[in-house]
$ cat start.tsv   # TSV, C-alpha atoms
chain	number	residue	atom	x	y	z
A	1	MET	CA	32.60	-18.16	-19.30
A	2	LEU	CA	30.15	-20.92	-20.23
A	3	LYS	CA	31.92	-23.31	-17.89
A	4	TYR	CA	31.50	-20.84	-15.02
A	5	ILE	CA	27.80	-20.32	-15.83
A	6	PHE	CA	27.12	-24.05	-15.89
A	7	LYS	CA	28.98	-24.65	-12.62
A	8	TYR	CA	27.19	-21.78	-10.85
A	9	PHE	CA	23.64	-22.54	-11.95
A	10	ASN	CA	24.05	-26.32	-11.73
A	11	LYS	CA	24.82	-25.82	-8.05
A	12	ASN	CA	22.11	-23.26	-7.30
A	13	LEU	CA	19.31	-24.98	-9.23
A	14	SER	CA	20.00	-28.45	-7.82
A	15	ILE	CA	19.55	-30.21	-4.49
A	16	GLY	CA	20.76	-33.56	-3.17
A	17	LEU	CA	18.13	-36.27	-2.80
A	18	LYS	CA	17.80	-38.08	0.51
A	19	LYS	CA	17.55	-41.86	0.37
A	20	LYS	CA	14.25	-43.30	1.58
A	21	ALA	CA	14.82	-47.04	1.00
A	22	GLY	CA	11.13	-47.67	0.29
A	23	ARG	CA	9.95	-46.28	3.65
A	24	ASN	CA	7.03	-43.96	4.31
A	25	PHE	CA	6.77	-40.97	6.66
A	26	SER	CA	6.65	-43.23	9.75
A	27	GLY	CA	9.72	-45.26	8.77
A	28	LYS	CA	7.87	-48.43	7.78
A	29	ILE	CA	8.89	-50.28	4.63
A	30	CYS	CA	6.13	-49.95	2.03
A	31	VAL	CA	8.15	-50.91	-1.07
A	32	LYS	CA	10.48	-53.86	-0.76
A	33	GLY	CA	13.74	-54.26	-2.60
A	34	ARG	CA	14.92	-50.65	-2.30
A	35	GLY	CA	18.00	-49.19	-0.67
A	36	GLY	CA	21.60	-48.17	-1.23
A	37	GLY	CA	22.62	-46.68	-4.53
A	38	ASN	CA	24.81	-43.81	-5.60
A	39	LYS	CA	24.29	-40.24	-4.50
A	40	THR	CA	21.67	-38.51	-6.63
A	41	MET	CA	21.25	-34.85	-7.46
A	42	PHE	CA	17.81	-33.49	-8.24
A	43	ARG	CA	17.69	-30.64	-10.76
A	44	ASN	CA	14.71	-28.30	-10.68
A	45	ILE	CA	13.25	-28.40	-14.19
A	46	ASP	CA	11.31	-25.42	-15.51
A	47	TRP	CA	7.99	-27.03	-16.47
A	48	ILE	CA	6.07	-23.74	-16.83
A	49	ARG	CA	8.31	-22.04	-19.43
A	50	ARG	CA	6.47	-18.70	-19.61
A	51	VAL	CA	9.57	-16.49	-19.84
A	52	ASN	CA	8.59	-14.99	-23.25
A	53	GLN	CA	12.24	-15.00	-24.29
A	54	PHE	CA	14.57	-16.73	-26.72
A	55	GLY	CA	17.39	-18.71	-25.21
A	56	VAL	CA	20.46	-20.81	-26.03
A	57	ILE	CA	21.21	-24.33	-24.78
A	58	ILE	CA	24.76	-24.25	-23.44
A	59	LYS	CA	24.92	-27.74	-21.91
A	60	ASN	CA	23.36	-31.11	-22.67
A	61	PHE	CA	23.83	-33.79	-20.03
A	62	TYR	CA	22.48	-36.94	-18.39
A	63	ASP	CA	20.20	-36.72	-15.37
A	64	ALA	CA	20.02	-39.66	-12.96
A	65	VAL	CA	16.42	-38.89	-11.97
A	66	ARG	CA	14.94	-38.67	-15.49
A	67	THR	CA	15.06	-40.74	-18.64
A	68	ALA	CA	15.16	-37.69	-20.94
A	69	ARG	CA	18.23	-35.55	-21.55
A	70	VAL	CA	18.40	-32.27	-19.65
A	71	GLY	CA	19.75	-28.97	-20.94
A	72	LEU	CA	20.79	-25.71	-19.30
A	73	VAL	CA	19.26	-22.71	-21.10
A	74	VAL	CA	20.46	-19.11	-20.88
A	75	TYR	CA	17.76	-16.67	-22.03
A	76	ASP	CA	18.33	-13.28	-23.64
A	77	ASN	CA	17.28	-11.45	-20.46
A	78	GLY	CA	19.89	-13.32	-18.37
A	79	LEU	CA	17.66	-15.96	-16.76
A	80	CYS	CA	18.93	-19.55	-16.63
A	81	SER	CA	16.93	-22.73	-16.11
A	82	PHE	CA	16.93	-26.47	-16.77
A	83	ILE	CA	14.59	-27.95	-19.40
A	84	THR	CA	14.06	-31.41	-20.84
A	85	LEU	CA	15.36	-31.54	-24.39
A	86	SER	CA	13.51	-32.50	-27.55
A	87	GLU	CA	14.72	-34.65	-30.41
A	88	THR	CA	15.92	-32.79	-33.51
A	89	ALA	CA	15.93	-29.55	-31.49
A	90	ASP	CA	18.27	-26.70	-32.37
A	91	VAL	CA	20.57	-24.85	-29.98
A	92	ARG	CA	18.18	-21.89	-29.92
A	93	VAL	CA	14.84	-22.33	-28.16
A	94	TYR	CA	11.84	-20.20	-27.21
A	95	SER	CA	9.72	-20.29	-24.07
A	96	GLY	CA	6.57	-18.25	-23.57
A	97	GLU	CA	3.34	-16.97	-25.09
A	98	GLY	CA	3.31	-17.46	-28.85
A	99	SER	CA	1.27	-14.44	-29.92
A	100	SER	CA	4.15	-12.96	-31.95
A	101	LEU	CA	5.54	-16.22	-33.34
A	102	VAL	CA	5.22	-16.89	-37.07
A	103	LYS	CA	6.68	-20.38	-37.09
A	104	ILE	CA	7.45	-22.90	-34.36
A	105	PHE	CA	10.45	-25.23	-34.37
A	106	PRO	CA	11.13	-28.45	-32.38
A	107	GLY	CA	12.02	-27.70	-28.78
A	108	TRP	CA	10.05	-24.44	-28.65
A	109	SER	CA	7.40	-24.16	-25.96
A	110	THR	CA	4.26	-22.07	-26.46
A	111	ASN	CA	0.45	-22.17	-26.28
A	112	LEU	CA	-1.49	-24.99	-27.88
A	113	TYR	CA	-3.49	-22.69	-30.16
A	114	LYS	CA	-0.26	-21.88	-32.06
A	115	PHE	CA	0.42	-25.49	-33.07
A	116	ASN	CA	-0.77	-26.92	-36.37
A	117	PHE	CA	-2.94	-29.98	-36.62
A	118	PHE	CA	-1.20	-33.38	-36.37
A	119	SER	CA	1.84	-31.90	-34.62
A	120	LEU	CA	3.83	-34.11	-32.24
A	121	ILE	CA	3.97	-32.41	-28.84
A	122	HIS	CA	5.07	-33.19	-25.29
A	123	ASN	CA	5.35	-31.51	-21.86
A	124	ILE	CA	1.64	-30.70	-21.93
A	125	GLU	CA	-0.12	-28.65	-19.27
A	126	LEU	CA	-3.46	-29.88	-17.96
A	127	ARG	CA	-4.28	-26.59	-16.26
A	128	VAL	CA	-3.14	-23.15	-17.32
A	129	GLY	CA	-0.09	-22.03	-15.38
A	130	LYS	CA	0.39	-25.25	-13.41
A	131	GLY	CA	3.27	-26.54	-15.51
A	132	ALA	CA	3.77	-29.58	-17.72
A	133	GLN	CA	2.34	-32.79	-16.27
A	134	LEU	CA	1.85	-35.02	-19.30
A	135	ILE	CA	4.32	-36.80	-21.63
A	136	ARG	CA	7.63	-36.05	-19.97
A	137	ALA	CA	9.46	-39.39	-20.30
A	138	SER	CA	12.01	-40.19	-22.99
A	139	GLY	CA	10.64	-40.85	-26.48
A	140	GLY	CA	7.12	-39.74	-25.56
A	141	ALA	CA	4.87	-37.64	-27.79
A	142	GLY	CA	1.20	-36.81	-28.24
A	143	LEU	CA	-0.68	-35.93	-31.41
A	144	LEU	CA	-2.75	-32.76	-31.71
A	145	ILE	CA	-5.80	-33.93	-33.67
A	146	GLY	CA	-8.33	-31.15	-33.20
A	147	LYS	CA	-9.46	-27.86	-31.70
A	148	LEU	CA	-13.02	-27.31	-30.52
A	149	LYS	CA	-14.56	-24.49	-28.46
A	150	LYS	CA	-11.19	-23.17	-27.27
A	151	LYS	CA	-10.15	-26.70	-26.36
A	152	ALA	CA	-7.31	-28.70	-27.88
A	153	ILE	CA	-7.83	-32.44	-28.41
A	154	ILE	CA	-4.68	-34.52	-27.98
A	155	LYS	CA	-4.31	-38.20	-28.74
A	156	LEU	CA	-1.99	-40.13	-26.43
A	157	LYS	CA	0.06	-43.21	-27.19
A	158	SER	CA	-2.33	-45.34	-25.12
A	159	GLY	CA	-5.22	-44.45	-27.45
A	160	TRP	CA	-6.90	-42.09	-25.01
A	161	GLN	CA	-7.81	-38.59	-26.12
A	162	ILE	CA	-7.80	-35.66	-23.72
A	163	SER	CA	-9.23	-32.18	-24.03
A	164	VAL	CA	-7.37	-29.25	-22.47
A	165	SER	CA	-7.49	-25.48	-22.83
A	166	GLU	CA	-5.83	-23.91	-25.87
A	167	ASN	CA	-3.98	-21.56	-23.53
A	168	CYS	CA	-2.07	-24.44	-21.94
A	169	MET	CA	1.61	-24.76	-22.81
A	170	ALA	CA	3.25	-27.57	-24.77
A	171	THR	CA	6.55	-28.25	-26.52
A	172	LEU	CA	6.89	-29.22	-30.15
A	173	GLY	CA	8.53	-32.55	-31.02
A	174	LYS	CA	9.32	-35.80	-29.21
A	175	VAL	CA	11.13	-36.08	-25.91
A	176	SER	CA	14.84	-36.79	-26.36
A	177	ASN	CA	16.70	-40.04	-25.65
A	178	SER	CA	14.11	-42.32	-27.25
A	179	GLU	CA	16.72	-45.14	-27.25
A	180	ASN	CA	16.38	-45.41	-23.48
A	181	LYS	CA	13.92	-48.31	-23.79
A	182	PHE	CA	16.67	-50.40	-25.41
A	183	LYS	CA	19.07	-49.74	-22.54
A	184	ASN	CA	20.74	-52.83	-21.08
A	185	LEU	CA	22.38	-52.47	-17.68
A	186	GLY	CA	24.67	-55.42	-18.33
A	187	LYS	CA	25.46	-56.34	-14.74
A	188	ALA	CA	23.86	-56.47	-11.31
A	189	GLY	CA	26.13	-53.76	-9.93
A	190	LYS	CA	24.52	-51.10	-12.12
A	191	LYS	CA	21.10	-52.08	-10.82
A	192	ARG	CA	22.37	-51.77	-7.25
A	193	ALA	CA	23.83	-48.37	-8.07
A	194	LEU	CA	20.34	-47.22	-9.09
A	195	GLY	CA	19.00	-48.10	-5.63
A	196	PHE	CA	17.46	-51.54	-6.26
A	197	ARG	CA	18.21	-54.57	-4.09
A	198	SER	CA	17.73	-58.21	-4.84
A	199	ILE	CA	14.42	-59.71	-3.70
A	200	SER	CA	14.01	-63.15	-2.14
A	201	ARG	CA	11.29	-65.50	-3.37
A	202	GLY	CA	8.28	-65.93	-1.13
A	203	ILE	CA	8.61	-69.73	-1.05
A	204	ALA	CA	12.16	-69.37	0.28
A	205	LYS	CA	11.00	-67.50	3.40
A	206	ASN	CA	9.53	-68.57	6.71
A	207	PRO	CA	5.75	-68.67	7.12
A	208	CYS	CA	5.90	-65.66	9.45
A	209	ASP	CA	7.45	-63.56	6.67
A	210	HIS	CA	5.40	-64.56	3.63
A	211	PRO	CA	2.21	-66.56	2.88
A	212	HIS	CA	4.20	-68.81	0.52
A	213	GLY	CA	6.83	-69.66	3.12
A	214	GLY	CA	7.32	-72.72	5.28
A	215	GLY	CA	7.19	-76.43	4.52
A	216	ASN	CA	9.81	-79.11	4.06
A	217	GLY	CA	11.98	-79.38	0.99
A	218	LYS	CA	11.81	-77.47	-2.23
A	219	LYS	CA	8.36	-76.56	-3.53
A	220	SER	CA	6.75	-74.37	-6.17
A	221	ALA	CA	4.52	-71.37	-5.74
A	222	PRO	CA	0.80	-71.98	-5.14
A	223	SER	CA	-1.76	-71.86	-7.94
A	224	VAL	CA	-2.99	-68.46	-6.73
A	225	PRO	CA	0.15	-66.47	-5.82
A	226	VAL	CA	-0.16	-63.60	-3.36
A	227	ASN	CA	2.17	-60.89	-2.11
A	228	PHE	CA	3.54	-60.61	1.41
A	229	THR	CA	0.33	-58.92	2.63
A	230	GLY	CA	-1.87	-61.72	1.27
A	231	ARG	CA	-3.27	-59.81	-1.70
A	232	VAL	CA	-3.62	-61.62	-5.02
A	233	LYS	CA	-0.52	-60.90	-7.11
A	234	LYS	CA	-1.73	-61.91	-10.56
A	235	TRP	CA	-4.91	-61.71	-12.64
A	236	GLU	CA	-6.07	-58.61	-10.80
A	237	HIS	CA	-6.88	-55.32	-12.49
A	238	ASN	CA	-4.52	-52.61	-11.30
A	239	LYS	CA	-6.16	-49.75	-13.21
A	240	LYS	CA	-9.27	-48.07	-11.86
A	241	LYS	CA	-11.80	-47.18	-14.53
A	242	LYS	CA	-13.05	-44.13	-12.66
A	243	ARG	CA	-10.37	-41.78	-11.43
A	244	ASP	CA	-11.64	-38.49	-10.05
A	245	ILE	CA	-8.29	-36.76	-10.52
A	246	ASN	CA	-8.39	-37.21	-14.32
A	247	ARG	CA	-12.11	-37.42	-15.02
A	248	ARG	CA	-12.48	-33.80	-16.03
A	249	PHE	CA	-9.79	-34.18	-18.69
A	250	ILE	CA	-10.94	-37.41	-20.37
A	251	PHE	CA	-12.66	-36.69	-23.67
A	252	PHE	CA	-12.94	-39.98	-25.55
A	253	LYS	CA	-11.71	-43.54	-25.20
A	254	LYS	CA	-10.65	-45.65	-28.15
A	255	ASN	CA	-12.69	-48.81	-28.63
$ encode --input "start.tsv" --output "structure tokens"
Amino acid sequence: MLKYIFKYFNKNLSIGLKKKAGRNFSGKICVKGRGGGNKTMFRNIDWIRRVNQFGVIIKNFYDAVRTARVGLVVYDNGLCSFITLSETADVRVYSGEGSSLVKIFPGWSTNLYKFNFFSLIHNIELRVGKGAQLIRASGGAGLLIGKLKKKAIIKLKSGWQISVSENCMATLGKVSNSENKFKNLGKAGKKRALGFRSISRGIAKNPCDHPHGGGNGKKSAPSVPVNFTGRVKKWEHNKKKKRDINRRFIFFKKN
């Protein structure tokens, strides 16, 4: 029975991804070194988790699109969905408003006002009802350090602290598969299977293809290396200090 449920919902909650090979909507290559790779299936993860039901994890498996482990949950009312798993989580999970909960266990998803101080949480909503947007990669976790004026203050691994509504959803614990950062592919074929191609050096190309190209004989890169569009490749800040999309959520920055 469980095998039939997994086969049915794995097919109906998943779609095949189309290869883009680093190209944009007009077909021009914007990201070099992409292409090929194995066929990939995209599973629709339930980031909202407002079912207000207990459920059982019947399958734990690897997902090619995500670094975390993915589980198939069957709730008591018959609904099935995919969720990202938490470390030290039990087979039984809960998803929904936590008004009637007395205690919360790892892997359970509920409102932020139900969590105790200094709890490790992940899959955090930034707006009520929009779904989890923060801390979804393997091994990630944030620390709930305060509650003020119906706002929950969460400390991120980067040192930043954000303030979101207490009615936003979050999941207790760390994201599963924290050993992913120690993963070693071992051979070039595995990298190609993931959709990455080898990249030629700029100095090995012709001058019409790269600013470093051309010349006679073997030579080294210039003192100020640039990319193929002529933009400085090193020593340039790639993080904007003012980002309108996140400004309303930033509460405090660590010195």
$ atom_distance --input "start.tsv" --atom1 "CA of Lys157 in chain A" --atom2 "CA of Val128 in chain A"
22.6 Å
$ closest_atom_pairs --input "start.tsv" --of "range 39-100 of chain A" --to "range 192-195 of chain A" --cutoff "12 Å" --atoms "only C-alpha atoms" --output "CSV"
residue,atom,partner,partner_atom,distance
A:Lys39,CA,A:Ala193,CA,8.9
A:Thr40,CA,A:Leu194,CA,9.1
A:Ala64,CA,A:Leu194,CA,8.5
A:Val65,CA,A:Leu194,CA,9.6
A:Arg66,CA,A:Leu194,CA,12.0
$ closest_residue --input "start.tsv" --among "A:Ala68, A:Leu101, A:Ile48, A:Cys208" --to "Ser138 in chain A" --atoms "all atoms listed in the file"
A:Ala68
$ atom_distance --input "start.tsv" --atom1 "CA of Ile121 in chain A" --atom2 "CA of Ser99 in chain A"
18.2 Å
$ atom_distance --input "start.tsv" --atom1 "CA of Lys234 in chain A" --atom2 "CA of Gly27 in chain A"
28.0 Å
$ residues_around --input "start.tsv" --residues "Lys32 in chain A" --least-positions-apart "3" --cutoff "10 Å" --atoms "all atoms listed in the file" --output "PyMOL selection string"
chain A and resi 21-23+29+35+196-199+228
$ closest_residue --input "start.tsv" --among "A:Ala204, A:Ile162, A:Cys80, A:Leu172" --to "Phe118 in chain A" --atoms "all atoms listed in the file"
A:Leu172
$ closest_residue --input "start.tsv" --among "A:Gly140, A:Gly202, A:Gly217, A:Gly230" --to "Thr171 in chain A" --atoms "all atoms listed in the file"
A:Gly140
$ residues_around --input "start.tsv" --residues "Lys174 in chain A" --least-positions-apart "3" --cutoff "7 Å" --atoms "all atoms listed in the file" --output "list in words"
Ser86, Glu87, Leu120, Ile121, His122, Gly139, Gly140 and Ala141 of chain A
$ closest_residue --input "start.tsv" --among "A:Phe42, A:Phe182, A:Tyr113, A:Tyr62" --to "Ala152 in chain A" --atoms "all atoms listed in the file"
A:Tyr113
